[in-house]
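With mmCIF, N, CA and C atoms inside, this is work_16.cif:
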data_my_file
#
loop_
_atom_site.label_atom_id
_atom_site.label_comp_id
_atom_site.auth_asym_id
_atom_site.auth_seq_id
_atom_site.Cartn_x
_atom_site.Cartn_y
_atom_site.Cartn_z
N MET A 5 0.86 -1.17 0.00
CA MET A 5 0.00 0.00 0.00
C MET A 5 0.90 1.23 0.00
N PRO A 6 0.68 2.16 -0.92
CA PRO A 6 1.50 3.37 -0.90
C PRO A 6 1.14 4.25 0.31
N PHE A 7 2.13 4.94 0.78
CA PHE A 7 1.96 5.85 1.91
C PHE A 7 2.31 7.23 1.41
N LYS A 8 1.37 8.16 1.54
CA LYS A 8 1.68 9.54 1.15
C LYS A 8 1.01 10.50 2.11
N ILE A 9 1.65 11.64 2.25
CA ILE A 9 1.14 12.69 3.12
C ILE A 9 0.49 13.74 2.24
N VAL A 10 -0.77 14.04 2.52
CA VAL A 10 -1.50 15.05 1.76
C VAL A 10 -2.19 15.99 2.73
N ARG A 11 -2.46 17.16 2.25
CA ARG A 11 -3.25 18.12 3.03
C ARG A 11 -4.61 18.20 2.34
N ASN A 12 -5.65 17.77 3.05
CA ASN A 12 -6.96 17.69 2.44
C ASN A 12 -8.01 17.68 3.56
N ASP A 13 -9.25 17.83 3.17
CA ASP A 13 -10.38 17.72 4.08
C ASP A 13 -10.65 16.23 4.29
N ILE A 14 -10.43 15.74 5.49
CA ILE A 14 -10.55 14.30 5.76
C ILE A 14 -11.95 13.77 5.45
N THR A 15 -12.95 14.62 5.54
CA THR A 15 -14.32 14.16 5.28
C THR A 15 -14.59 13.95 3.79
N ARG A 16 -13.66 14.35 2.95
CA ARG A 16 -13.83 14.18 1.50
C ARG A 16 -12.84 13.19 0.89
N MET A 17 -12.08 12.54 1.72
CA MET A 17 -11.08 11.60 1.22
C MET A 17 -11.74 10.36 0.62
N ASN A 18 -11.20 9.91 -0.49
CA ASN A 18 -11.73 8.74 -1.18
C ASN A 18 -10.97 7.50 -0.71
N THR A 19 -11.23 7.12 0.54
CA THR A 19 -10.60 5.96 1.17
C THR A 19 -11.69 5.09 1.79
N GLU A 20 -11.35 3.86 2.11
CA GLU A 20 -12.32 2.97 2.75
C GLU A 20 -12.63 3.41 4.18
N ALA A 21 -11.66 4.05 4.82
CA ALA A 21 -11.85 4.51 6.19
C ALA A 21 -11.15 5.84 6.40
N VAL A 22 -11.70 6.63 7.30
CA VAL A 22 -11.03 7.83 7.78
C VAL A 22 -10.91 7.69 9.29
N VAL A 23 -9.90 8.33 9.83
CA VAL A 23 -9.69 8.31 11.27
C VAL A 23 -10.15 9.65 11.83
N ASN A 24 -10.89 9.58 12.90
CA ASN A 24 -11.39 10.76 13.58
C ASN A 24 -10.68 10.88 14.93
N THR A 25 -10.44 12.09 15.36
CA THR A 25 -9.86 12.34 16.68
C THR A 25 -11.01 12.47 17.68
N ALA A 26 -11.22 11.43 18.43
CA ALA A 26 -12.41 11.33 19.28
C ALA A 26 -12.14 11.69 20.73
N ASN A 27 -13.22 11.96 21.43
CA ASN A 27 -13.19 12.17 22.87
C ASN A 27 -13.46 10.84 23.58
N ALA A 28 -13.07 10.76 24.82
CA ALA A 28 -13.30 9.54 25.60
C ALA A 28 -14.79 9.31 25.84
N ARG A 29 -15.52 10.36 26.13
CA ARG A 29 -16.96 10.26 26.36
C ARG A 29 -17.71 10.47 25.05
N PRO A 30 -18.90 9.95 24.92
CA PRO A 30 -19.65 10.12 23.68
C PRO A 30 -20.24 11.53 23.53
N VAL A 31 -19.35 12.48 23.33
CA VAL A 31 -19.71 13.86 23.04
C VAL A 31 -18.87 14.29 21.84
N VAL A 32 -19.33 15.30 21.14
CA VAL A 32 -18.62 15.78 19.96
C VAL A 32 -17.78 16.98 20.35
N GLY A 33 -16.51 16.91 19.98
CA GLY A 33 -15.59 18.01 20.25
C GLY A 33 -15.52 18.97 19.08
N GLY A 34 -14.45 19.72 19.03
CA GLY A 34 -14.25 20.67 17.95
C GLY A 34 -13.37 20.08 16.87
N GLY A 35 -12.93 20.92 15.97
CA GLY A 35 -11.98 20.55 14.94
C GLY A 35 -12.40 19.37 14.10
N CYS A 36 -11.49 18.40 13.99
CA CYS A 36 -11.71 17.21 13.17
C CYS A 36 -12.95 16.45 13.62
N ASP A 37 -13.12 16.27 14.90
CA ASP A 37 -14.26 15.53 15.44
C ASP A 37 -15.58 16.16 14.97
N HIS A 38 -15.70 17.44 15.11
CA HIS A 38 -16.92 18.14 14.69
C HIS A 38 -17.12 18.02 13.18
N ALA A 39 -16.06 18.18 12.41
CA ALA A 39 -16.16 18.09 10.95
C ALA A 39 -16.63 16.70 10.52
N VAL A 40 -16.09 15.65 11.15
CA VAL A 40 -16.47 14.28 10.80
C VAL A 40 -17.93 14.03 11.16
N TYR A 41 -18.35 14.41 12.34
CA TYR A 41 -19.74 14.21 12.75
C TYR A 41 -20.69 14.97 11.83
N THR A 42 -20.34 16.20 11.50
CA THR A 42 -21.21 17.01 10.64
C THR A 42 -21.36 16.38 9.26
N ALA A 43 -20.25 15.95 8.67
CA ALA A 43 -20.29 15.38 7.32
C ALA A 43 -20.94 13.99 7.30
N ALA A 44 -20.75 13.22 8.36
CA ALA A 44 -21.29 11.86 8.41
C ALA A 44 -22.78 11.83 8.73
N GLY A 45 -23.28 12.86 9.36
CA GLY A 45 -24.65 12.89 9.86
C GLY A 45 -24.60 12.96 11.37
N TYR A 46 -24.54 14.17 11.88
CA TYR A 46 -24.26 14.46 13.29
C TYR A 46 -25.10 13.61 14.24
N GLU A 47 -26.40 13.70 14.14
CA GLU A 47 -27.29 13.01 15.09
C GLU A 47 -27.19 11.50 14.98
N GLU A 48 -27.11 11.01 13.75
CA GLU A 48 -27.05 9.56 13.53
C GLU A 48 -25.75 8.97 14.10
N LEU A 49 -24.62 9.62 13.81
CA LEU A 49 -23.34 9.13 14.32
C LEU A 49 -23.27 9.23 15.84
N LEU A 50 -23.73 10.34 16.38
CA LEU A 50 -23.70 10.52 17.84
C LEU A 50 -24.60 9.48 18.53
N ALA A 51 -25.77 9.22 17.98
CA ALA A 51 -26.66 8.21 18.56
C ALA A 51 -26.01 6.83 18.51
N TYR A 52 -25.34 6.52 17.41
CA TYR A 52 -24.65 5.24 17.28
C TYR A 52 -23.56 5.12 18.35
N ARG A 53 -22.78 6.18 18.50
CA ARG A 53 -21.70 6.17 19.50
C ARG A 53 -22.27 5.95 20.89
N ARG A 54 -23.33 6.65 21.21
CA ARG A 54 -23.93 6.52 22.54
C ARG A 54 -24.50 5.13 22.77
N GLU A 55 -25.16 4.58 21.77
CA GLU A 55 -25.84 3.29 21.92
C GLU A 55 -24.88 2.10 21.86
N HIS A 56 -23.88 2.16 20.98
CA HIS A 56 -23.05 0.98 20.73
C HIS A 56 -21.64 1.05 21.30
N ILE A 57 -21.16 2.24 21.63
CA ILE A 57 -19.75 2.37 22.02
C ILE A 57 -19.61 2.85 23.47
N GLY A 58 -20.12 4.03 23.78
CA GLY A 58 -19.98 4.57 25.13
C GLY A 58 -18.60 5.14 25.39
N PHE A 59 -18.15 5.03 26.64
CA PHE A 59 -16.86 5.57 27.05
C PHE A 59 -15.73 4.71 26.49
N VAL A 60 -14.67 5.37 26.03
CA VAL A 60 -13.47 4.69 25.53
C VAL A 60 -12.27 5.46 26.08
N LYS A 61 -11.30 4.75 26.63
CA LYS A 61 -10.16 5.42 27.26
C LYS A 61 -9.19 6.01 26.23
N GLU A 62 -8.43 7.01 26.69
CA GLU A 62 -7.40 7.64 25.85
C GLU A 62 -6.45 6.59 25.32
N GLY A 63 -6.06 6.76 24.05
CA GLY A 63 -5.13 5.84 23.43
C GLY A 63 -5.80 4.65 22.77
N ASP A 64 -7.09 4.50 22.96
CA ASP A 64 -7.84 3.40 22.36
C ASP A 64 -8.52 3.87 21.08
N ALA A 65 -9.09 2.93 20.36
CA ALA A 65 -9.79 3.26 19.11
C ALA A 65 -11.00 2.36 18.96
N PHE A 66 -11.99 2.83 18.22
CA PHE A 66 -13.18 2.04 17.91
C PHE A 66 -13.64 2.41 16.51
N ILE A 67 -14.50 1.58 15.94
CA ILE A 67 -14.92 1.77 14.56
C ILE A 67 -16.43 1.91 14.49
N THR A 68 -16.88 2.76 13.56
CA THR A 68 -18.30 2.93 13.30
C THR A 68 -18.50 2.93 11.79
N PRO A 69 -19.74 2.79 11.35
CA PRO A 69 -20.00 2.98 9.92
C PRO A 69 -19.65 4.42 9.53
N GLY A 70 -19.47 4.64 8.25
CA GLY A 70 -19.16 5.98 7.74
C GLY A 70 -20.38 6.85 7.55
N PHE A 71 -21.57 6.26 7.62
CA PHE A 71 -22.83 6.96 7.41
C PHE A 71 -22.79 7.75 6.11
N LYS A 72 -22.85 9.05 6.11
CA LYS A 72 -22.92 9.85 4.87
C LYS A 72 -21.56 10.22 4.29
N LEU A 73 -20.48 9.78 4.90
CA LEU A 73 -19.15 10.06 4.37
C LEU A 73 -18.89 9.19 3.14
N PRO A 74 -17.95 9.60 2.28
CA PRO A 74 -17.55 8.72 1.17
C PRO A 74 -16.90 7.43 1.70
N ALA A 75 -16.27 7.49 2.88
CA ALA A 75 -15.63 6.33 3.49
C ALA A 75 -16.68 5.39 4.06
N LYS A 76 -16.42 4.09 3.95
CA LYS A 76 -17.33 3.08 4.50
C LYS A 76 -17.29 3.06 6.03
N TYR A 77 -16.09 3.36 6.59
CA TYR A 77 -15.90 3.30 8.04
C TYR A 77 -15.27 4.58 8.57
N ILE A 78 -15.53 4.82 9.85
CA ILE A 78 -14.82 5.85 10.60
C ILE A 78 -14.14 5.12 11.76
N ILE A 79 -12.84 5.27 11.85
CA ILE A 79 -12.10 4.75 12.99
C ILE A 79 -11.83 5.94 13.90
N HIS A 80 -12.32 5.85 15.11
CA HIS A 80 -12.22 6.94 16.07
C HIS A 80 -11.08 6.64 17.04
N ALA A 81 -10.06 7.48 17.03
CA ALA A 81 -8.92 7.33 17.93
C ALA A 81 -9.09 8.33 19.07
N VAL A 82 -9.15 7.82 20.29
CA VAL A 82 -9.35 8.68 21.45
C VAL A 82 -8.02 9.34 21.79
N SER A 83 -7.93 10.58 21.37
CA SER A 83 -6.68 11.35 21.39
C SER A 83 -6.27 11.76 22.80
N PRO A 84 -4.97 11.68 23.07
CA PRO A 84 -4.49 12.16 24.36
C PRO A 84 -4.40 13.68 24.40
N LEU A 85 -4.72 14.25 25.52
CA LEU A 85 -4.54 15.67 25.75
C LEU A 85 -3.09 15.90 26.14
N TYR A 86 -2.41 16.78 25.41
CA TYR A 86 -1.00 17.05 25.69
C TYR A 86 -0.90 18.02 26.85
N THR A 87 -0.14 17.63 27.87
CA THR A 87 0.10 18.49 29.02
C THR A 87 1.50 19.07 28.93
N ASP A 88 2.48 18.21 29.08
CA ASP A 88 3.87 18.67 29.03
C ASP A 88 4.82 17.60 28.52
N GLY A 89 4.27 16.50 28.03
CA GLY A 89 5.10 15.42 27.50
C GLY A 89 5.56 14.41 28.53
N SER A 90 5.21 14.60 29.78
CA SER A 90 5.65 13.67 30.81
C SER A 90 4.50 12.89 31.44
N HIS A 91 3.35 12.87 30.78
CA HIS A 91 2.18 12.17 31.31
C HIS A 91 1.70 11.09 30.34
N GLU A 92 2.66 10.34 29.81
CA GLU A 92 2.39 9.22 28.89
C GLU A 92 1.75 9.66 27.58
N GLU A 93 1.86 10.94 27.21
CA GLU A 93 1.25 11.42 25.99
C GLU A 93 1.77 10.69 24.75
N GLU A 94 3.10 10.49 24.69
CA GLU A 94 3.66 9.82 23.51
C GLU A 94 3.15 8.39 23.39
N GLU A 95 3.13 7.65 24.48
CA GLU A 95 2.65 6.27 24.45
C GLU A 95 1.19 6.21 24.03
N LEU A 96 0.39 7.14 24.54
CA LEU A 96 -1.02 7.17 24.19
C LEU A 96 -1.23 7.54 22.72
N LEU A 97 -0.46 8.48 22.22
CA LEU A 97 -0.57 8.86 20.82
C LEU A 97 -0.14 7.71 19.92
N ARG A 98 0.95 7.06 20.26
CA ARG A 98 1.39 5.89 19.48
C ARG A 98 0.30 4.82 19.47
N SER A 99 -0.31 4.62 20.62
CA SER A 99 -1.39 3.64 20.73
C SER A 99 -2.56 3.99 19.82
N CYS A 100 -2.88 5.27 19.68
CA CYS A 100 -3.97 5.69 18.78
C CYS A 100 -3.70 5.19 17.36
N TYR A 101 -2.48 5.40 16.88
CA TYR A 101 -2.13 4.94 15.53
C TYR A 101 -2.11 3.42 15.46
N GLN A 102 -1.51 2.76 16.44
CA GLN A 102 -1.41 1.31 16.43
C GLN A 102 -2.79 0.66 16.44
N LYS A 103 -3.66 1.13 17.31
CA LYS A 103 -4.99 0.52 17.43
C LYS A 103 -5.87 0.85 16.24
N SER A 104 -5.71 2.05 15.67
CA SER A 104 -6.46 2.40 14.45
C SER A 104 -6.05 1.49 13.30
N LEU A 105 -4.76 1.28 13.15
CA LEU A 105 -4.26 0.42 12.07
C LEU A 105 -4.64 -1.04 12.31
N ALA A 106 -4.65 -1.48 13.55
CA ALA A 106 -5.08 -2.85 13.86
C ALA A 106 -6.55 -3.05 13.50
N LEU A 107 -7.39 -2.05 13.79
CA LEU A 107 -8.80 -2.14 13.40
C LEU A 107 -8.93 -2.18 11.88
N ALA A 108 -8.15 -1.37 11.18
CA ALA A 108 -8.19 -1.38 9.71
C ALA A 108 -7.85 -2.77 9.19
N ALA A 109 -6.82 -3.39 9.74
CA ALA A 109 -6.44 -4.73 9.31
C ALA A 109 -7.55 -5.74 9.64
N GLU A 110 -8.11 -5.63 10.83
CA GLU A 110 -9.17 -6.55 11.25
C GLU A 110 -10.38 -6.48 10.32
N TYR A 111 -10.71 -5.29 9.85
CA TYR A 111 -11.87 -5.10 8.98
C TYR A 111 -11.52 -5.22 7.50
N GLY A 112 -10.29 -5.55 7.18
CA GLY A 112 -9.89 -5.71 5.79
C GLY A 112 -9.82 -4.41 5.01
N ILE A 113 -9.63 -3.33 5.72
CA ILE A 113 -9.57 -2.00 5.09
C ILE A 113 -8.22 -1.85 4.41
N ARG A 114 -8.25 -1.47 3.13
CA ARG A 114 -7.02 -1.36 2.34
C ARG A 114 -6.57 0.08 2.11
N SER A 115 -7.42 1.06 2.45
CA SER A 115 -7.03 2.46 2.32
C SER A 115 -7.62 3.25 3.48
N ILE A 116 -6.80 4.13 4.04
CA ILE A 116 -7.19 4.85 5.25
C ILE A 116 -6.57 6.24 5.24
N ALA A 117 -7.31 7.21 5.73
CA ALA A 117 -6.81 8.59 5.84
C ALA A 117 -6.79 8.98 7.31
N PHE A 118 -5.64 9.49 7.75
CA PHE A 118 -5.46 9.94 9.12
C PHE A 118 -5.35 11.46 9.17
N PRO A 119 -5.93 12.08 10.18
CA PRO A 119 -5.55 13.46 10.48
C PRO A 119 -4.26 13.39 11.31
N LEU A 120 -3.69 14.49 11.61
CA LEU A 120 -2.53 14.51 12.50
C LEU A 120 -3.10 14.50 13.93
N ILE A 121 -3.28 13.31 14.47
CA ILE A 121 -4.00 13.09 15.73
C ILE A 121 -3.40 13.91 16.87
N SER A 122 -4.28 14.53 17.63
CA SER A 122 -3.98 15.26 18.87
C SER A 122 -3.26 16.59 18.69
N THR A 123 -2.96 17.00 17.46
CA THR A 123 -2.15 18.21 17.27
C THR A 123 -2.98 19.48 17.12
N GLY A 124 -4.30 19.36 17.16
CA GLY A 124 -5.14 20.55 17.10
C GLY A 124 -5.47 21.01 18.51
N GLY A 125 -6.74 20.92 18.85
CA GLY A 125 -7.22 21.38 20.14
C GLY A 125 -6.66 20.62 21.34
N PHE A 126 -6.09 19.43 21.10
CA PHE A 126 -5.53 18.64 22.20
C PHE A 126 -4.09 19.03 22.49
N GLY A 127 -3.51 19.93 21.68
CA GLY A 127 -2.25 20.58 22.01
C GLY A 127 -0.95 19.84 21.76
N TYR A 128 -0.99 18.67 21.13
CA TYR A 128 0.26 17.95 20.88
C TYR A 128 1.11 18.74 19.90
N PRO A 129 2.41 18.90 20.14
CA PRO A 129 3.27 19.64 19.20
C PRO A 129 3.24 18.99 17.81
N LYS A 130 2.97 19.78 16.79
CA LYS A 130 2.77 19.24 15.44
C LYS A 130 3.97 18.46 14.91
N GLU A 131 5.15 18.98 15.06
CA GLU A 131 6.33 18.30 14.53
C GLU A 131 6.51 16.92 15.20
N GLU A 132 6.36 16.87 16.50
CA GLU A 132 6.48 15.62 17.23
C GLU A 132 5.33 14.67 16.85
N GLY A 133 4.13 15.21 16.72
CA GLY A 133 2.98 14.40 16.31
C GLY A 133 3.19 13.79 14.93
N MET A 134 3.77 14.56 14.00
CA MET A 134 4.05 14.06 12.66
C MET A 134 5.10 12.94 12.71
N ARG A 135 6.14 13.12 13.51
CA ARG A 135 7.17 12.09 13.63
C ARG A 135 6.57 10.78 14.14
N ILE A 136 5.72 10.87 15.14
CA ILE A 136 5.09 9.68 15.71
C ILE A 136 4.17 9.02 14.68
N ALA A 137 3.38 9.82 13.97
CA ALA A 137 2.48 9.28 12.95
C ALA A 137 3.26 8.51 11.88
N VAL A 138 4.30 9.13 11.35
CA VAL A 138 5.10 8.48 10.31
C VAL A 138 5.76 7.22 10.84
N ASP A 139 6.33 7.27 12.04
CA ASP A 139 6.96 6.09 12.65
C ASP A 139 5.98 4.93 12.76
N GLU A 140 4.79 5.20 13.30
CA GLU A 140 3.83 4.12 13.54
C GLU A 140 3.25 3.56 12.25
N ILE A 141 2.94 4.42 11.30
CA ILE A 141 2.41 3.94 10.02
C ILE A 141 3.47 3.14 9.28
N HIS A 142 4.69 3.64 9.26
CA HIS A 142 5.79 2.94 8.60
C HIS A 142 6.02 1.57 9.25
N ALA A 143 6.06 1.50 10.57
CA ALA A 143 6.25 0.23 11.28
C ALA A 143 5.14 -0.75 10.95
N PHE A 144 3.92 -0.26 10.90
CA PHE A 144 2.78 -1.13 10.57
C PHE A 144 2.92 -1.69 9.17
N LEU A 145 3.25 -0.84 8.22
CA LEU A 145 3.38 -1.29 6.83
C LEU A 145 4.51 -2.29 6.66
N LEU A 146 5.60 -2.09 7.38
CA LEU A 146 6.72 -3.03 7.30
C LEU A 146 6.35 -4.41 7.83
N ASN A 147 5.46 -4.44 8.80
CA ASN A 147 5.11 -5.70 9.48
C ASN A 147 3.76 -6.28 9.07
N SER A 148 3.19 -5.80 7.98
CA SER A 148 1.88 -6.30 7.57
C SER A 148 1.91 -6.71 6.11
N ASP A 149 0.82 -7.28 5.67
CA ASP A 149 0.71 -7.64 4.26
C ASP A 149 0.02 -6.55 3.46
N MET A 150 -0.10 -5.36 4.03
CA MET A 150 -0.78 -4.25 3.35
C MET A 150 0.19 -3.39 2.54
N GLN A 151 1.22 -3.99 1.98
CA GLN A 151 2.21 -3.23 1.21
C GLN A 151 1.87 -3.16 -0.24
#

Render the structure in this file as structure tokens.
Amino acid sequence: MPFKIVRNDITRMNTEAVVNTANARPVVGGGCDHAVYTAAGYEELLAYRREHIGFVKEGDAFITPGFKLPAKYIIHAVSPLYTDGSHEEEELLRSCYQKSLALAAEYGIRSIAFPLISTGGFGYPKEEGMRIAVDEIHAFLLNSDMQ
């Protein structure tokens, strides 16, 4: 599978799945989360999250249908809030990518679009967030049959 970095509206990506930066509780946040819910069908996606998913801890991920998005699935990564880098933020961010990619493999997803997880309203430094994203995606591709 080719790996490329693009700047685009994640809600318009022509991939089987998109990754959303989710909150631990079934509420809609700002930024990417709000954009994904709005494009997918705000009430329908929120009701699904409340009924089928509920609370999910930081660093974990879950999957929902894509509803009105071009993508068949939405993988929601529960993003860590960046404090100062000494509260397991890196491990939690790495886990977001690892668990999102594991769900993609489990569901047979062959194309996926990620935002730069946690680097918006959750405050993760963008350069460090990009390094972690590239590291985790590269490691996954090296160790999977999705090449």

Residue contacts of Asp37 in chain A (10 Å, only C-alpha atoms) excluding same-chain residues fewer than 2 positions away, as number ranges by chain: A: 23-27, 31-35, 39-42, 80

Residues returned when the PyMOL selection byres ((chain A and resi 30) around 7) runs on this file, as a VMD selection string: chain A and resid 27 to 29 31 to 32 50 53 to 54 58 to 60

Shell of 7 Å around range 8-14 of chain A, all atoms listed in the file, local chain residues under 3 positions omitted, as a PyMOL selection string: chain A and resi 17+22+117-119

Distance in Å - CA of Gly112 in chain A versus CA of Leu145 in chain A: 14.0 Å

Residue members of the PyMOL selection byres (((chain A and resi 61-66 and name CA) around 8) and name CA) in the file shown, as a list in words: Asn27, Ala28, Ile57, Phe59, Val60, Ile67, Thr68, Ile79, His80, Ala81, Val82, Ser83, Pro84, Glu95, Leu96, Leu97, Arg98, Ser99, Cys100, Lys103, Ser104 and Leu107 of chain A

Separation of CA of Tyr101 in chain A from CA of Ser115 in chain A in Å: 14.3 Å

Separation of atom C of Gln102 in chain A from atom C of Glu132 in chain A, in Å and rounded to one decimal: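 A separation of 16.2 Å between them.
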
Check chain A with DSSP on the backbone and list each residue it calls alpha helix (DSSP H), as a compact mmCIF listing (two decimals) with N, CA and C atoms, in the coordinates of the input.
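This went into states_19.txt:
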# COMPACT_ATOMS: atom_id res chain seq x y z
N GLY A 35 -12.93 20.92 15.97
CA GLY A 35 -11.98 20.55 14.94
C GLY A 35 -12.40 19.37 14.10
N CYS A 36 -11.49 18.40 13.99
CA CYS A 36 -11.71 17.21 13.17
C CYS A 36 -12.95 16.45 13.62
N ASP A 37 -13.12 16.27 14.90
CA ASP A 37 -14.26 15.53 15.44
C ASP A 37 -15.58 16.16 14.97
N HIS A 38 -15.70 17.44 15.11
CA HIS A 38 -16.92 18.14 14.69
C HIS A 38 -17.12 18.02 13.18
N ALA A 39 -16.06 18.18 12.41
CA ALA A 39 -16.16 18.09 10.95
C ALA A 39 -16.63 16.70 10.52
N VAL A 40 -16.09 15.65 11.15
CA VAL A 40 -16.47 14.28 10.80
C VAL A 40 -17.93 14.03 11.16
N TYR A 41 -18.35 14.41 12.34
CA TYR A 41 -19.74 14.21 12.75
C TYR A 41 -20.69 14.97 11.83
N THR A 42 -20.34 16.20 11.50
CA THR A 42 -21.21 17.01 10.64
C THR A 42 -21.36 16.38 9.26
N ALA A 43 -20.25 15.95 8.67
CA ALA A 43 -20.29 15.38 7.32
C ALA A 43 -20.94 13.99 7.30
N ALA A 44 -20.75 13.22 8.36
CA ALA A 44 -21.29 11.86 8.41
C ALA A 44 -22.78 11.83 8.73
N TYR A 46 -24.54 14.17 11.88
CA TYR A 46 -24.26 14.46 13.29
C TYR A 46 -25.10 13.61 14.24
N GLU A 47 -26.40 13.70 14.14
CA GLU A 47 -27.29 13.01 15.09
C GLU A 47 -27.19 11.50 14.98
N GLU A 48 -27.11 11.01 13.75
CA GLU A 48 -27.05 9.56 13.53
C GLU A 48 -25.75 8.97 14.10
N LEU A 49 -24.62 9.62 13.81
CA LEU A 49 -23.34 9.13 14.32
C LEU A 49 -23.27 9.23 15.84
N LEU A 50 -23.73 10.34 16.38
CA LEU A 50 -23.70 10.52 17.84
C LEU A 50 -24.60 9.48 18.53
N ALA A 51 -25.77 9.22 17.98
CA ALA A 51 -26.66 8.21 18.56
C ALA A 51 -26.01 6.83 18.51
N TYR A 52 -25.34 6.52 17.41
CA TYR A 52 -24.65 5.24 17.28
C TYR A 52 -23.56 5.12 18.35
N GLU A 93 1.86 10.94 27.21
CA GLU A 93 1.25 11.42 25.99
C GLU A 93 1.77 10.69 24.75
N GLU A 94 3.10 10.49 24.69
CA GLU A 94 3.66 9.82 23.51
C GLU A 94 3.15 8.39 23.39
N GLU A 95 3.13 7.65 24.48
CA GLU A 95 2.65 6.27 24.45
C GLU A 95 1.19 6.21 24.03
N LEU A 96 0.39 7.14 24.54
CA LEU A 96 -1.02 7.17 24.19
C LEU A 96 -1.23 7.54 22.72
N LEU A 97 -0.46 8.48 22.22
CA LEU A 97 -0.57 8.86 20.82
C LEU A 97 -0.14 7.71 19.92
N ARG A 98 0.95 7.06 20.26
CA ARG A 98 1.39 5.89 19.48
C ARG A 98 0.30 4.82 19.47
N SER A 99 -0.31 4.62 20.62
CA SER A 99 -1.39 3.64 20.73
C SER A 99 -2.56 3.99 19.82
N CYS A 100 -2.88 5.27 19.68
CA CYS A 100 -3.97 5.69 18.78
C CYS A 100 -3.70 5.19 17.36
N TYR A 101 -2.48 5.40 16.88
CA TYR A 101 -2.13 4.94 15.53
C TYR A 101 -2.11 3.42 15.46
N GLN A 102 -1.51 2.76 16.44
CA GLN A 102 -1.41 1.31 16.43
C GLN A 102 -2.79 0.66 16.44
N LYS A 103 -3.66 1.13 17.31
CA LYS A 103 -4.99 0.52 17.43
C LYS A 103 -5.87 0.85 16.24
N SER A 104 -5.71 2.05 15.67
CA SER A 104 -6.46 2.40 14.45
C SER A 104 -6.05 1.49 13.30
N LEU A 105 -4.76 1.28 13.15
CA LEU A 105 -4.26 0.42 12.07
C LEU A 105 -4.64 -1.04 12.31
N ALA A 106 -4.65 -1.48 13.55
CA ALA A 106 -5.08 -2.85 13.86
C ALA A 106 -6.55 -3.05 13.50
N LEU A 107 -7.39 -2.05 13.79
CA LEU A 107 -8.80 -2.14 13.40
C LEU A 107 -8.93 -2.18 11.88
N ALA A 108 -8.15 -1.37 11.18
CA ALA A 108 -8.19 -1.38 9.71
C ALA A 108 -7.85 -2.77 9.19
N ALA A 109 -6.82 -3.39 9.74
CA ALA A 109 -6.44 -4.73 9.31
C ALA A 109 -7.55 -5.74 9.64
N GLU A 110 -8.11 -5.63 10.83
CA GLU A 110 -9.17 -6.55 11.25
C GLU A 110 -10.38 -6.48 10.32
N LYS A 130 2.97 19.78 16.79
CA LYS A 130 2.77 19.24 15.44
C LYS A 130 3.97 18.46 14.91
N GLU A 131 5.15 18.98 15.06
CA GLU A 131 6.33 18.30 14.53
C GLU A 131 6.51 16.92 15.20
N GLU A 132 6.36 16.87 16.50
CA GLU A 132 6.48 15.62 17.23
C GLU A 132 5.33 14.67 16.85
N GLY A 133 4.13 15.21 16.72
CA GLY A 133 2.98 14.40 16.31
C GLY A 133 3.19 13.79 14.93
N MET A 134 3.77 14.56 14.00
CA MET A 134 4.05 14.06 12.66
C MET A 134 5.10 12.94 12.71
N ARG A 135 6.14 13.12 13.51
CA ARG A 135 7.17 12.09 13.63
C ARG A 135 6.57 10.78 14.14
N ILE A 136 5.72 10.87 15.14
CA ILE A 136 5.09 9.68 15.71
C ILE A 136 4.17 9.02 14.68
N ALA A 137 3.38 9.82 13.97
CA ALA A 137 2.48 9.28 12.95
C ALA A 137 3.26 8.51 11.88
N VAL A 138 4.30 9.13 11.35
CA VAL A 138 5.10 8.48 10.31
C VAL A 138 5.76 7.22 10.84
N ASP A 139 6.33 7.27 12.04
CA ASP A 139 6.96 6.09 12.65
C ASP A 139 5.98 4.93 12.76
N GLU A 140 4.79 5.20 13.30
CA GLU A 140 3.83 4.12 13.54
C GLU A 140 3.25 3.56 12.25
N ILE A 141 2.94 4.42 11.30
CA ILE A 141 2.41 3.94 10.02
C ILE A 141 3.47 3.14 9.28
N HIS A 142 4.69 3.64 9.26
CA HIS A 142 5.79 2.94 8.60
C HIS A 142 6.02 1.57 9.25
N ALA A 143 6.06 1.50 10.57
CA ALA A 143 6.25 0.23 11.28
C ALA A 143 5.14 -0.75 10.95
N PHE A 144 3.92 -0.26 10.90
CA PHE A 144 2.78 -1.13 10.57
C PHE A 144 2.92 -1.69 9.17
N LEU A 145 3.25 -0.84 8.22
CA LEU A 145 3.38 -1.29 6.83
C LEU A 145 4.51 -2.29 6.66
N LEU A 146 5.60 -2.09 7.38
CA LEU A 146 6.72 -3.03 7.30
C LEU A 146 6.35 -4.41 7.83

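Within chain A, DSSP run on the backbone puts these residues in strand (DSSP E or B): Ala21, Val22, Val23, Asn24, Thr25, Ala26, Ala65, Phe66, Ile67, Thr68, Pro69, Tyr77, Ile78, Ile79, His80, Ala81, Val82, Ile116 and Ala117 of chain A.
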
Output check: residues returned by the PyMOL selection byres (((chain A and resi 135-138 and name CA) around 9) and name CA), as a list in words: Glu94, Leu97, Arg98, Tyr101, Phe118, Leu120, Ile121, Lys130, Glu131, Glu132, Gly133, Met134, Asp139, Glu140, Ile141, His142 and Ala143 of chain A

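For the set A:Glu93, A:Thr87, A:Phe144, A:Ala106, the residue with the smallest atom-to-atom gap to Gly127 in chain A is A:Thr87, counting all atoms listed in the file.
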
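Closest approach to Tyr46 in chain A among A:Lys72, A:Ile116, A:Ser90, A:Ser148 is made by A:Lys72 (distances from all atoms listed in the file).
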
Selection: 6.5 Å around Ile113 in chain A, all atoms listed in the file, excl. self and same-chain fewer than 4 positions, as a short mmCIF file (atom, residue, chain, number, x, y, z; two decimals) with N, CA and C atoms, in the frame of the given file:
data_model
loop_
_atom_site.label_atom_id
_atom_site.label_comp_id
_atom_site.auth_asym_id
_atom_site.auth_seq_id
_atom_site.Cartn_x
_atom_site.Cartn_y
_atom_site.Cartn_z
N GLU A 20 -11.35 3.86 2.11
CA GLU A 20 -12.32 2.97 2.75
C GLU A 20 -12.63 3.41 4.18
N ALA A 21 -11.66 4.05 4.82
CA ALA A 21 -11.85 4.51 6.19
C ALA A 21 -11.15 5.84 6.40
N LEU A 107 -7.39 -2.05 13.79
CA LEU A 107 -8.80 -2.14 13.40
C LEU A 107 -8.93 -2.18 11.88
N ALA A 108 -8.15 -1.37 11.18
CA ALA A 108 -8.19 -1.38 9.71
C ALA A 108 -7.85 -2.77 9.19
N ALA A 109 -6.82 -3.39 9.74
CA ALA A 109 -6.44 -4.73 9.31
C ALA A 109 -7.55 -5.74 9.64
#
